[in-house]
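Everything on this sheet refers to the single structure shown next.
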Amino acid sequence: MREYLKFYIDGQWVDPTTPKTAEVINPATEAVSGTISLGSAADVDKAVAAARRAFASWGETSVKDRLDILLAIQSEYAKRSDELGDAVVEEMGAPVGLGRGFHVGLGAGHLQTAIDVLKEFPFEQQKGASLIRYEPIGVCGLITPWNWPMNQTCVKIFPALAAGCTMILKPPQLAPYSAQILAEIIHDAGTPAGVFNMVQGQGSVIGTALSTHQDVDMISFTGSEPVGVQIQKDAAETVKRVGLELGGKSAWIVLDDADLAANVAGATGGMMGNSGQTCSAGSRLLVPASRLDEAVKAATEACNAVTVGDPLTDVAMGPVVSKSQFNIIQDYIQKGLDEGATLIAGGLGRPDGLDKGWFVKPTVFVGTNDMVISREEIFGPVLVIIPYQDEADAIRIANDSLFGLGGYVSGQDADKCRQIARKLRTGAIWVNGGFDFHAPFGGYKRSGNGREWGEYGFHEYLEIKSIIG
Ligand code: NAD
């Protein structure tokens with residue numbers, strides 16, 4: 001049983017101003033796995049004051065000083081990576097291989113990337129008559145979701161530290177453990193007091209206190225669209241910069257010349273990874289109408305092959321994060337059935353043999369792009385296959401979405417795939433796979449604004465100053 005009752009403020013583990021706790025539920029067992037403290041606006045005030053004090057010196061440190069801290073964090077992070085992975089498994093139900101592997105690896109990757117970018121980043125540039133300086137924006141509020149906990153925290157904390165900012169992290173209430181260990185890592189690395197602070201608690205309390213705070217200069221938020229909208233409204237009074245990484249309903253276009261069966265199988269398996277709780281997941285699979293039968297066969301086989309069960313064992317998929325997410329996903333599956341989408345795998349209820357835990361059946365529908373299951377982010381292991389007539393139709397369907405976060409194009413001819421990618425109104429498109437920590441990541445349309453990852457992620461935390469003449 002875990003117990004994390006203190007917050008990390010001004011380099012110390014401190015009690016909440018007013019004691020209040022909440023239980024954390026293990027989604028695989030539905031049992032209580034531990035207790036955390038829930039903070040108040042008074043805790044946020046203390047953390048912001050510490051961050052403001054620390055900014056006076058951290059904002060003036062040399063690149064070398066900041067690199068030294070990031071390297072020290074890297075060494076502590078490596079020592080505790082399995083512990084971080086196990087925390088992710090317990091808090092949000094990722095299978096242990098995924099938790100200790102990709103989840104923790106993403107955090108490590110963002111840390112390495114921040115180190116690499118910091119070594120080269122041009123904080124000052126002479127352009128004509130002007131000296132252009134990139135200066136840290138100041139005190140940042142970082143608000144993160146539960147679905148990829150290490151990715152979401154690390155992609156914010158390390159560029160912010162590297163840029164010279166100080167910060168207050170507000171981790172997700174559903175998945176608070178890995179953030180707690182990360183705070184210990186940052187402390188053990190010798191990060192100066194007040195540079196990094198962490199207050200756990202409810203979004204409506206801690207998140208709002210940060211968004212409305214007079215002395216917070218920017219908010220970086222990853223989460224759902226409605227909360228992103230609320231944060232923008234809350235931050236407007238104090239004219240804060242707000243970076244938003246929101247939801248998605250990304251299309252995966254399989255072109256006619258692609259190995260259809262292999263790509264459909266890959267896209268189906270990919271959709272079920274992390275129990276479908278990935279903002280950039282290819283949740284609409286676009287296949288040539290003339291080859292729909294082939295696609296249905298490949299998707300059915302791939303979906304039925306996804307193993308679901310105890311995340312401590314060697315399964316492909318664990319539970320979804322909570323009872324409430326389970327119910328939301330069930331409602332969407334029911335909606336798909338009511339709308340007349342054709343269910344080809346999975347469906348309502350838990351997989352056979354799993355009576356406890358928030359396990360969802362990996363599910364695939366064939367449908368049309370106007371159905372609710374094709375328009376709204378389900379955030380669960382539910383894929384919709386949508387047939388298209390020709391490439392123009394595929395592009396039209398892919399772009400016919402309120403969201404614009406990710407996209408995928410598979411085909412033999414990489415140039416042609418890129419031509420199609422150019423026409424998609426989304427922030428990132430993967431052509432025949434690939435992965436790049438330096439590629440900017442963020443959304444068009446209602447998927448948000450701003451860009452994280454790599455050098456572009458630094459700009460979120462920097463002001464631009466012109467010294468002219
Ligand atoms: P959420 O919006 O419910 O919560 C995200 C965070 O915001 C949590 O820490 C929560 O406590 C906090 N919060 C809640 N209300 C708040 C308020 N009024 N003010 C300030 N903070 C508040 O999202 P979630 O359910 O944790 O995560 C799932 C969502 O995140 C999905 O929509 C998903 O697409 C999105 N997401 C986006 C990306 C991306 O990079 N674009 C990445 C991962 C997840």
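Here, A, B, ... name the chains of the structure tokens in the order displayed, residue numbers run from 1 inside each chain, and ligands are numbered from 1 in the same displayed order.
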
Taking only C-alpha atoms and all ligand atoms into account, produce a table as a Markdown table in which each residue of chain A with an atom at most 8 Å from an atom of ligand 1 appears once, together with its shortest atom pair and the distance in Å to one decimal, ordered by chain and rising number.
```
| residue | atom | partner | partner_atom_place_in_ligand_line | distance |
| --- | --- | --- | --- | --- |
| A:Ile143 | CA | ligand 1 | 9 (O) | 5.2 |
| A:Thr144 | CA | ligand 1 | 9 (O) | 4.6 |
| A:Pro145 | CA | ligand 1 | 26 (O) | 3.5 |
| A:Trp146 | CA | ligand 1 | 26 (O) | 4.9 |
| A:Asn147 | CA | ligand 1 | 43 (C) | 6.1 |
| A:Trp148 | CA | ligand 1 | 43 (C) | 6.5 |
| A:Gln152 | CA | ligand 1 | 42 (C) | 6.8 |
| A:Lys170 | CA | ligand 1 | 9 (O) | 6.0 |
| A:Pro171 | CA | ligand 1 | 9 (O) | 5.0 |
| A:Pro172 | CA | ligand 1 | 9 (O) | 3.6 |
| A:Gln173 | CA | ligand 1 | 11 (O) | 5.7 |
| A:Leu174 | CA | ligand 1 | 26 (O) | 7.7 |
| A:Gly201 | CA | ligand 1 | 11 (O) | 7.0 |
| A:Gln202 | CA | ligand 1 | 11 (O) | 5.1 |
| A:Gly203 | CA | ligand 1 | 11 (O) | 3.3 |
| A:Ser204 | CA | ligand 1 | 18 (N) | 4.2 |
| A:Val205 | CA | ligand 1 | 19 (N) | 7.2 |
| A:Ile206 | CA | ligand 1 | 20 (C) | 6.8 |
| A:Gly207 | CA | ligand 1 | 20 (C) | 3.3 |
| A:Thr208 | CA | ligand 1 | 19 (N) | 4.3 |
| A:Ala209 | CA | ligand 1 | 20 (C) | 7.8 |
| A:Leu210 | CA | ligand 1 | 20 (C) | 7.4 |
| A:Ser211 | CA | ligand 1 | 20 (C) | 6.6 |
| A:Phe221 | CA | ligand 1 | 7 (O) | 7.0 |
| A:Thr222 | CA | ligand 1 | 37 (C) | 5.1 |
| A:Gly223 | CA | ligand 1 | 30 (O) | 3.0 |
| A:Ser224 | CA | ligand 1 | 32 (O) | 3.5 |
| A:Glu225 | CA | ligand 1 | 32 (O) | 6.1 |
| A:Pro226 | CA | ligand 1 | 2 (O) | 6.9 |
| A:Val227 | CA | ligand 1 | 2 (O) | 4.8 |
| A:Gly228 | CA | ligand 1 | 2 (O) | 6.7 |
| A:Gln230 | CA | ligand 1 | 18 (N) | 5.9 |
| A:Ile231 | CA | ligand 1 | 19 (N) | 5.4 |
| A:Asp234 | CA | ligand 1 | 19 (N) | 7.9 |
| A:Leu244 | CA | ligand 1 | 41 (N) | 7.3 |
| A:Glu245 | CA | ligand 1 | 41 (N) | 3.6 |
| A:Leu246 | CA | ligand 1 | 41 (N) | 3.9 |
| A:Gly247 | CA | ligand 1 | 34 (O) | 3.2 |
| A:Gly248 | CA | ligand 1 | 34 (O) | 5.6 |
| A:Gln277 | CA | ligand 1 | 33 (C) | 7.3 |
| A:Thr278 | CA | ligand 1 | 43 (C) | 6.1 |
| A:Cys279 | CA | ligand 1 | 34 (O) | 3.8 |
| A:Ser280 | CA | ligand 1 | 41 (N) | 6.9 |
| A:Glu377 | CA | ligand 1 | 32 (O) | 6.9 |
| A:Phe379 | CA | ligand 1 | 31 (C) | 6.5 |
| A:Leu405 | CA | ligand 1 | 41 (N) | 6.6 |
| A:Phe441 | CA | ligand 1 | 40 (O) | 7.2 |
| A:Gly442 | CA | ligand 1 | 41 (N) | 6.0 |
| A:Gly443 | CA | ligand 1 | 41 (N) | 6.6 |
| A:Ser447 | CA | ligand 1 | 41 (N) | 6.2 |
| A:Gly448 | CA | ligand 1 | 41 (N) | 6.9 |
```

Kindly assemble as CSV a list of the range 187-288 of chain A residues that lie within 10 Å of range 296-320 of chain A, each paired with its nearest atom pair and their distance in Å to one decimal, using only C-alpha atoms, sorted first by chain and then by ascending residue number.
```
residue,atom,partner,partner_atom,distance
A:Leu260,CA,A:Ala298,CA,8.3
A:Ala261,CA,A:Ala298,CA,5.3
A:Ala262,CA,A:Ala298,CA,7.7
A:Asn263,CA,A:Ala298,CA,8.8
A:Val264,CA,A:Ala299,CA,5.9
A:Ala265,CA,A:Ala302,CA,5.2
A:Gly266,CA,A:Ala302,CA,7.9
A:Ala267,CA,A:Ala299,CA,8.4
A:Thr268,CA,A:Ala299,CA,6.0
A:Gly269,CA,A:Ala302,CA,6.4
A:Met271,CA,A:Cys303,CA,9.5
A:Met272,CA,A:Met317,CA,7.0
A:Gly273,CA,A:Met317,CA,6.4
A:Asn274,CA,A:Met317,CA,6.5
A:Ser275,CA,A:Met317,CA,5.7
A:Gly276,CA,A:Val320,CA,8.2
A:Gln277,CA,A:Val320,CA,7.6
A:Leu285,CA,A:Ala299,CA,9.9
A:Val287,CA,A:Val296,CA,9.7
```

Those selected residues, please, written with all heavy atoms and delivered as a tab-separated table (two decimals), in the first residue's frame.
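The new file out_28.tsv reads:
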```
chain	number	residue	atom	x	y	z
A	260	LEU	N	-1.85	-4.49	-47.39
A	260	LEU	CA	-3.06	-4.14	-46.64
A	260	LEU	C	-3.20	-4.94	-45.35
A	260	LEU	O	-3.43	-4.38	-44.27
A	260	LEU	CB	-4.29	-4.34	-47.52
A	260	LEU	CG	-5.57	-3.78	-46.92
A	260	LEU	CD1	-5.81	-2.34	-47.34
A	260	LEU	CD2	-6.77	-4.63	-47.28
A	261	ALA	N	-3.03	-6.26	-45.45
A	261	ALA	CA	-3.26	-7.11	-44.27
A	261	ALA	C	-2.29	-6.73	-43.15
A	261	ALA	O	-2.68	-6.58	-41.99
A	261	ALA	CB	-3.11	-8.57	-44.65
A	262	ALA	N	-1.01	-6.53	-43.50
A	262	ALA	CA	-0.01	-6.22	-42.47
A	262	ALA	C	-0.29	-4.86	-41.84
A	262	ALA	O	-0.20	-4.69	-40.62
A	262	ALA	CB	1.39	-6.24	-43.08
A	263	ASN	N	-0.65	-3.89	-42.67
A	263	ASN	CA	-0.90	-2.55	-42.13
A	263	ASN	C	-2.17	-2.48	-41.29
A	263	ASN	O	-2.20	-1.80	-40.26
A	263	ASN	CB	-0.95	-1.52	-43.26
A	263	ASN	CG	0.45	-1.08	-43.65
A	263	ASN	OD1	1.09	-0.35	-42.91
A	263	ASN	ND2	0.93	-1.57	-44.78
A	264	VAL	N	-3.19	-3.16	-41.74
A	264	VAL	CA	-4.44	-3.18	-40.96
A	264	VAL	C	-4.18	-3.88	-39.63
A	264	VAL	O	-4.64	-3.41	-38.57
A	264	VAL	CB	-5.57	-3.86	-41.76
A	264	VAL	CG1	-6.76	-4.17	-40.86
A	264	VAL	CG2	-6.00	-2.95	-42.91
A	265	ALA	N	-3.43	-4.96	-39.67
A	265	ALA	CA	-3.12	-5.67	-38.41
A	265	ALA	C	-2.31	-4.76	-37.50
A	265	ALA	O	-2.56	-4.66	-36.29
A	265	ALA	CB	-2.36	-6.95	-38.72
A	266	GLY	N	-1.32	-4.05	-38.06
A	266	GLY	CA	-0.48	-3.15	-37.26
A	266	GLY	C	-1.30	-2.01	-36.66
A	266	GLY	O	-1.16	-1.66	-35.48
A	267	ALA	N	-2.19	-1.45	-37.48
A	267	ALA	CA	-3.02	-0.33	-37.00
A	267	ALA	C	-3.98	-0.81	-35.92
A	267	ALA	O	-4.23	-0.09	-34.93
A	267	ALA	CB	-3.79	0.27	-38.17
A	268	THR	N	-4.50	-2.02	-36.08
A	268	THR	CA	-5.44	-2.55	-35.08
A	268	THR	C	-4.72	-2.80	-33.76
A	268	THR	O	-5.18	-2.38	-32.69
A	268	THR	CB	-6.09	-3.85	-35.60
A	268	THR	OG1	-6.66	-3.58	-36.88
A	268	THR	CG2	-7.16	-4.36	-34.66
A	269	GLY	N	-3.58	-3.47	-33.84
A	269	GLY	CA	-2.80	-3.72	-32.62
A	269	GLY	C	-2.37	-2.42	-31.98
A	269	GLY	O	-2.42	-2.25	-30.76
A	271	MET	N	-3.85	0.46	-32.08
A	271	MET	CA	-4.99	1.13	-31.44
A	271	MET	C	-5.25	0.55	-30.05
A	271	MET	O	-5.67	1.26	-29.14
A	271	MET	CB	-6.24	0.93	-32.33
A	271	MET	CG	-7.49	1.60	-31.81
A	271	MET	SD	-7.31	3.39	-31.80
A	271	MET	CE	-8.01	3.80	-30.20
A	272	MET	N	-4.99	-0.73	-29.89
A	272	MET	CA	-5.30	-1.38	-28.60
A	272	MET	C	-4.18	-1.16	-27.58
A	272	MET	O	-4.38	-1.40	-26.39
A	272	MET	CB	-5.54	-2.88	-28.81
A	272	MET	CG	-6.56	-3.21	-29.89
A	272	MET	SD	-8.10	-2.27	-29.70
A	272	MET	CE	-8.87	-2.51	-31.30
A	273	GLY	N	-3.00	-0.73	-28.04
A	273	GLY	CA	-1.89	-0.48	-27.12
A	273	GLY	C	-2.29	0.57	-26.08
A	273	GLY	O	-3.05	1.50	-26.39
A	274	ASN	N	-1.80	0.41	-24.86
A	274	ASN	CA	-2.14	1.33	-23.76
A	274	ASN	C	-3.66	1.41	-23.58
A	274	ASN	O	-4.21	2.44	-23.18
A	274	ASN	CB	-1.55	2.72	-24.02
A	274	ASN	CG	-1.19	3.45	-22.73
A	274	ASN	OD1	-0.68	2.85	-21.79
A	274	ASN	ND2	-1.47	4.73	-22.68
A	275	SER	N	-4.34	0.33	-23.92
A	275	SER	CA	-5.82	0.23	-23.82
A	275	SER	C	-6.52	1.34	-24.61
A	275	SER	O	-7.60	1.80	-24.22
A	275	SER	CB	-6.28	0.24	-22.36
A	275	SER	OG	-5.67	-0.79	-21.64
A	276	GLY	N	-5.88	1.76	-25.69
A	276	GLY	CA	-6.51	2.78	-26.54
A	276	GLY	C	-6.48	4.17	-25.93
A	276	GLY	O	-7.11	5.09	-26.46
A	277	GLN	N	-5.73	4.34	-24.86
A	277	GLN	CA	-5.72	5.63	-24.15
A	277	GLN	C	-4.52	6.47	-24.60
A	277	GLN	O	-3.65	6.82	-23.81
A	277	GLN	CB	-5.69	5.38	-22.64
A	277	GLN	CG	-6.86	4.50	-22.17
A	277	GLN	CD	-6.67	3.96	-20.77
A	277	GLN	OE1	-7.51	4.16	-19.92
A	277	GLN	NE2	-5.58	3.27	-20.51
A	285	LEU	N	-9.57	4.04	-39.09
A	285	LEU	CA	-8.70	3.33	-40.04
A	285	LEU	C	-9.35	3.39	-41.42
A	285	LEU	O	-10.42	2.81	-41.64
A	285	LEU	CB	-8.52	1.88	-39.58
A	285	LEU	CG	-7.63	0.99	-40.44
A	285	LEU	CD1	-6.22	1.57	-40.58
A	285	LEU	CD2	-7.54	-0.41	-39.84
A	287	VAL	N	-9.56	2.55	-45.25
A	287	VAL	CA	-9.08	1.52	-46.19
A	287	VAL	C	-9.82	1.65	-47.52
A	287	VAL	O	-10.96	2.13	-47.55
A	287	VAL	CB	-9.30	0.10	-45.60
A	287	VAL	CG1	-8.56	-0.07	-44.27
A	287	VAL	CG2	-10.78	-0.22	-45.42
```

Please run DSSP on the backbone and report, as a short mmCIF file (atom, residue, chain, number, x, y, z; two decimals) with N, CA, C and O atoms, in the first residue's frame, all residues within range 212-396 of chain A that come out as strand (DSSP E).
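The new file states.cif reads:
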```
data_model
loop_
_atom_site.label_atom_id
_atom_site.label_comp_id
_atom_site.auth_asym_id
_atom_site.auth_seq_id
_atom_site.Cartn_x
_atom_site.Cartn_y
_atom_site.Cartn_z
N MET A 218 2.89 31.07 -17.11
CA MET A 218 2.31 30.27 -18.19
C MET A 218 1.80 28.95 -17.65
O MET A 218 2.24 28.48 -16.61
N ILE A 219 0.84 28.39 -18.39
CA ILE A 219 0.31 27.06 -18.06
C ILE A 219 0.57 26.17 -19.26
O ILE A 219 0.27 26.54 -20.40
N SER A 220 1.14 25.01 -18.98
CA SER A 220 1.22 23.98 -20.02
C SER A 220 0.30 22.86 -19.59
O SER A 220 0.48 22.25 -18.53
N PHE A 221 -0.69 22.60 -20.42
CA PHE A 221 -1.73 21.62 -20.05
C PHE A 221 -1.82 20.53 -21.09
O PHE A 221 -1.83 20.79 -22.30
N THR A 222 -1.89 19.30 -20.64
CA THR A 222 -2.25 18.18 -21.51
C THR A 222 -3.46 17.51 -20.89
O THR A 222 -3.44 17.17 -19.70
N ARG A 241 0.33 32.95 -20.94
CA ARG A 241 0.47 32.04 -22.09
C ARG A 241 -0.11 30.69 -21.66
O ARG A 241 0.12 30.24 -20.53
N VAL A 242 -0.86 30.06 -22.58
CA VAL A 242 -1.42 28.73 -22.28
C VAL A 242 -1.07 27.79 -23.44
O VAL A 242 -1.44 28.05 -24.58
N GLY A 243 -0.34 26.74 -23.13
CA GLY A 243 -0.06 25.70 -24.13
C GLY A 243 -1.04 24.56 -23.90
O GLY A 243 -1.19 24.11 -22.76
N LEU A 244 -1.73 24.14 -24.95
CA LEU A 244 -2.75 23.11 -24.80
C LEU A 244 -2.46 21.92 -25.70
O LEU A 244 -2.34 22.08 -26.93
N GLU A 245 -2.36 20.75 -25.11
CA GLU A 245 -2.26 19.50 -25.87
C GLU A 245 -3.52 18.73 -25.55
O GLU A 245 -3.65 18.18 -24.44
N ALA A 251 -6.71 9.83 -38.13
CA ALA A 251 -6.99 8.87 -39.21
C ALA A 251 -5.71 8.15 -39.60
O ALA A 251 -4.64 8.74 -39.64
N TRP A 252 -5.85 6.86 -39.89
CA TRP A 252 -4.75 6.07 -40.44
C TRP A 252 -5.18 5.66 -41.84
O TRP A 252 -6.12 4.89 -42.01
N ILE A 253 -4.51 6.23 -42.85
CA ILE A 253 -4.88 5.93 -44.23
C ILE A 253 -3.97 4.81 -44.75
O ILE A 253 -2.75 4.96 -44.78
N VAL A 254 -4.59 3.71 -45.13
CA VAL A 254 -3.83 2.63 -45.77
C VAL A 254 -4.07 2.76 -47.27
O VAL A 254 -5.21 2.64 -47.73
N ARG A 284 -9.39 6.05 -36.41
CA ARG A 284 -10.18 5.87 -37.65
C ARG A 284 -9.25 5.25 -38.68
O ARG A 284 -8.27 5.88 -39.08
N LEU A 285 -9.57 4.04 -39.09
CA LEU A 285 -8.70 3.33 -40.04
C LEU A 285 -9.35 3.39 -41.42
O LEU A 285 -10.42 2.81 -41.64
N LEU A 286 -8.71 4.13 -42.33
CA LEU A 286 -9.30 4.36 -43.66
C LEU A 286 -8.69 3.38 -44.67
O LEU A 286 -7.47 3.39 -44.89
N VAL A 287 -9.56 2.55 -45.25
CA VAL A 287 -9.08 1.52 -46.19
C VAL A 287 -9.82 1.65 -47.52
O VAL A 287 -10.96 2.13 -47.55
N PRO A 288 -9.18 1.20 -48.64
CA PRO A 288 -9.87 1.28 -49.93
C PRO A 288 -11.16 0.47 -49.89
O PRO A 288 -11.15 -0.69 -49.44
N THR A 342 -21.12 -1.77 -38.01
CA THR A 342 -21.01 -3.24 -37.99
C THR A 342 -19.89 -3.64 -37.04
O THR A 342 -18.73 -3.27 -37.23
N LEU A 343 -20.26 -4.38 -36.01
CA LEU A 343 -19.27 -4.83 -35.02
C LEU A 343 -18.57 -6.07 -35.58
O LEU A 343 -19.23 -7.06 -35.90
N ILE A 344 -17.25 -6.00 -35.73
CA ILE A 344 -16.55 -7.17 -36.28
C ILE A 344 -15.67 -7.87 -35.25
O ILE A 344 -15.21 -8.98 -35.46
N ALA A 345 -15.43 -7.21 -34.12
CA ALA A 345 -14.66 -7.87 -33.03
C ALA A 345 -14.95 -7.14 -31.74
O ALA A 345 -15.20 -5.93 -31.73
N THR A 363 -12.13 -3.71 -29.45
CA THR A 363 -13.35 -3.67 -30.27
C THR A 363 -13.10 -2.99 -31.60
O THR A 363 -12.43 -1.95 -31.65
N VAL A 364 -13.63 -3.59 -32.67
CA VAL A 364 -13.51 -2.97 -33.99
C VAL A 364 -14.89 -2.91 -34.66
O VAL A 364 -15.62 -3.91 -34.67
N PHE A 365 -15.20 -1.74 -35.17
CA PHE A 365 -16.42 -1.53 -35.96
C PHE A 365 -16.03 -1.21 -37.40
O PHE A 365 -14.96 -0.67 -37.65
N VAL A 366 -16.96 -1.48 -38.31
CA VAL A 366 -16.89 -0.84 -39.63
C VAL A 366 -18.02 0.18 -39.63
O VAL A 366 -19.16 -0.14 -39.26
N VAL A 382 -11.14 1.07 -29.04
CA VAL A 382 -12.23 0.96 -30.02
C VAL A 382 -11.78 1.60 -31.33
O VAL A 382 -11.47 2.78 -31.38
N LEU A 383 -11.75 0.77 -32.37
CA LEU A 383 -11.31 1.22 -33.69
C LEU A 383 -12.51 1.24 -34.64
O LEU A 383 -13.35 0.34 -34.58
N VAL A 384 -12.55 2.25 -35.52
CA VAL A 384 -13.60 2.28 -36.55
C VAL A 384 -12.91 2.21 -37.91
O VAL A 384 -12.07 3.05 -38.22
N ILE A 385 -13.27 1.21 -38.69
CA ILE A 385 -12.76 1.11 -40.06
C ILE A 385 -13.75 1.84 -40.97
O ILE A 385 -14.96 1.62 -40.90
N ILE A 386 -13.20 2.74 -41.79
CA ILE A 386 -14.04 3.54 -42.68
C ILE A 386 -13.53 3.34 -44.11
O ILE A 386 -12.36 3.63 -44.40
N PRO A 387 -14.37 2.83 -45.01
CA PRO A 387 -13.91 2.65 -46.40
C PRO A 387 -13.87 3.98 -47.16
O PRO A 387 -14.70 4.85 -46.92
N TYR A 388 -12.89 4.12 -48.06
CA TYR A 388 -12.82 5.31 -48.92
C TYR A 388 -12.78 4.89 -50.38
O TYR A 388 -12.38 3.77 -50.71
#
```

Inset, instruction - Return as number ranges by chain the full set of residues in range 363-469 of chain A whose backbone-based DSSP assignment is alpha helix (DSSP H). - result: A: 372-375, 391-399, 414-422, 454-459

Inset, instruction - Find the residue from A:Gly282, A:Gly340, A:Gly109, A:Gly367 that sits nearest to Trp430 in chain A; use only C-alpha atoms when measuring. - result: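 Once distances to Trp430 in chain A are computed over only C-alpha atoms, the minimum belongs to A:Gly282.
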
Legend entry - Non-local contacts of Cys417 in chain A (12 Å; only C-alpha atoms; under 2 positions in same chain excluded) as a list in words: Trp252, Ile253, Val254, Leu255, Asp256, Asp257, Ala258, Glu391, Ile395, Gly407, Tyr408, Val409, Ser410, Gly411, Gln412, Asp413, Ala414, Asp415, Gln419, Ile420, Ala421, Arg422, Lys423, Leu424, Ile429, Trp430, Val431, Asn432 and Gly433 of chain A

Inset, instruction - May I have the residues within 12 Å of Asp65 in chain A as JSON, numbers by chain, using only C-alpha atoms and disregarding those fewer than 2 positions away in the same chain? - result: {"A": [57, 58, 59, 60, 61, 62, 63, 67, 68, 69, 70, 71, 72, 115, 118, 119, 161, 162, 163, 164, 190, 191, 192]}

Legend entry - Distance criterion (only C-alpha atoms): nearest to Ile467 in chain A out of A:Arg375, A:Arg350, A:Lys127, A:Arg451: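 Among the listed residues, the smallest separation from Ile467 in chain A belongs to A:Lys127.
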
Can you tell me, as a short mmCIF file (atom, residue, chain, number, x, y, z; two decimals) with N, CA and C atoms, in the first residue's frame, what residues are no more than 6 Å from Leu131 in chain A when counting only C-alpha atoms, ignoring any on the same chain fewer than 5 positions away?
```
data_model
loop_
_atom_site.label_atom_id
_atom_site.label_comp_id
_atom_site.auth_asym_id
_atom_site.auth_seq_id
_atom_site.Cartn_x
_atom_site.Cartn_y
_atom_site.Cartn_z
N GLN A 125 20.75 35.54 -30.63
CA GLN A 125 21.09 35.56 -32.05
C GLN A 125 21.12 37.01 -32.52
N GLN A 126 22.15 37.39 -33.26
CA GLN A 126 22.17 38.72 -33.86
C GLN A 126 21.45 38.61 -35.20
N SER A 466 13.82 41.57 -28.11
CA SER A 466 14.64 42.22 -29.14
C SER A 466 15.42 43.36 -28.49
N ILE A 467 16.72 43.36 -28.68
CA ILE A 467 17.53 44.51 -28.24
C ILE A 467 18.04 45.16 -29.53
#
```

Legend entry - Counting only C-alpha atoms, the residue of A:Gln214, A:Ala87, A:Asp338, A:Leu142 that sits nearest Gln180 in chain A: A:Ala87

Selection: 9 Å around Glu455 in chain A, only C-alpha atoms, excl. self and same-chain fewer than 4 positions, as a PDB file with N, CA, C and O atoms, in the first residue's frame:
```
ATOM      1  N   THR A 113      16.594  14.283 -24.840  1.00  0.00           N
ATOM      2  CA  THR A 113      16.359  15.286 -25.893  1.00  0.00           C
ATOM      3  C   THR A 113      16.568  16.699 -25.336  1.00  0.00           C
ATOM      4  O   THR A 113      17.182  17.553 -25.994  1.00  0.00           O
ATOM      5  N   ALA A 114      16.071  16.936 -24.117  1.00  0.00           N
ATOM      6  CA  ALA A 114      16.261  18.270 -23.512  1.00  0.00           C
ATOM      7  C   ALA A 114      17.755  18.552 -23.349  1.00  0.00           C
ATOM      8  O   ALA A 114      18.215  19.684 -23.583  1.00  0.00           O
ATOM      9  N   VAL A 117      19.195  19.277 -26.879  1.00  0.00           N
ATOM     10  CA  VAL A 117      18.761  20.572 -27.416  1.00  0.00           C
ATOM     11  C   VAL A 117      19.435  21.703 -26.651  1.00  0.00           C
ATOM     12  O   VAL A 117      19.902  22.687 -27.239  1.00  0.00           O
ATOM     13  N   LEU A 118      19.516  21.543 -25.335  1.00  0.00           N
ATOM     14  CA  LEU A 118      20.099  22.615 -24.517  1.00  0.00           C
ATOM     15  C   LEU A 118      21.548  22.902 -24.924  1.00  0.00           C
ATOM     16  O   LEU A 118      21.976  24.068 -24.943  1.00  0.00           O
ATOM     17  N   PHE A 121      21.156  25.071 -28.121  1.00  0.00           N
ATOM     18  CA  PHE A 121      20.083  26.048 -28.321  1.00  0.00           C
ATOM     19  C   PHE A 121      20.623  27.479 -28.422  1.00  0.00           C
ATOM     20  O   PHE A 121      21.380  27.932 -27.561  1.00  0.00           O
ATOM     21  N   PRO A 159      12.187  20.366 -20.671  1.00  0.00           N
ATOM     22  CA  PRO A 159      12.398  21.599 -21.444  1.00  0.00           C
ATOM     23  C   PRO A 159      12.227  22.858 -20.587  1.00  0.00           C
ATOM     24  O   PRO A 159      12.958  23.834 -20.762  1.00  0.00           O
ATOM     25  N   HIS A 438      12.619  14.438 -31.616  1.00  0.00           N
ATOM     26  CA  HIS A 438      12.835  15.847 -31.980  1.00  0.00           C
ATOM     27  C   HIS A 438      11.704  16.410 -32.842  1.00  0.00           C
ATOM     28  O   HIS A 438      11.711  17.596 -33.152  1.00  0.00           O
ATOM     29  N   ALA A 439      10.771  15.559 -33.246  1.00  0.00           N
ATOM     30  CA  ALA A 439       9.670  16.041 -34.088  1.00  0.00           C
ATOM     31  C   ALA A 439       8.653  16.778 -33.217  1.00  0.00           C
ATOM     32  O   ALA A 439       8.198  16.245 -32.207  1.00  0.00           O
ATOM     33  N   PRO A 440       8.285  18.017 -33.590  1.00  0.00           N
ATOM     34  CA  PRO A 440       7.306  18.745 -32.785  1.00  0.00           C
ATOM     35  C   PRO A 440       5.973  18.014 -32.737  1.00  0.00           C
ATOM     36  O   PRO A 440       5.563  17.403 -33.727  1.00  0.00           O
ATOM     37  N   HIS A 459      10.462  26.365 -27.008  1.00  0.00           N
ATOM     38  CA  HIS A 459       9.855  27.680 -27.274  1.00  0.00           C
ATOM     39  C   HIS A 459       8.609  27.927 -26.430  1.00  0.00           C
ATOM     40  O   HIS A 459       8.245  29.075 -26.183  1.00  0.00           O
TER      41      HIS A 459
END
```

Legend entry - Exercise: Gly107 in chain A partners within 6 Å, only C-alpha atoms, chain neighbours under 6 positions left out, as a list in words: Met150, Asn151 and Cys154 of chain A

Inset, instruction - Please indicate the distance in Å from CA of Asp86 in chain A to CA of Ile157 in chain A, rounded to one decimal place. - result: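 For CA of Asp86 in chain A relative to CA of Ile157 in chain A, the distance reads 20.8 Å.
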
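If only C-alpha atoms are the atoms counted, then among A:Thr426, A:Thr153, A:Ser324, A:Ser283 the closest residue to Gly404 in chain A is A:Thr426.
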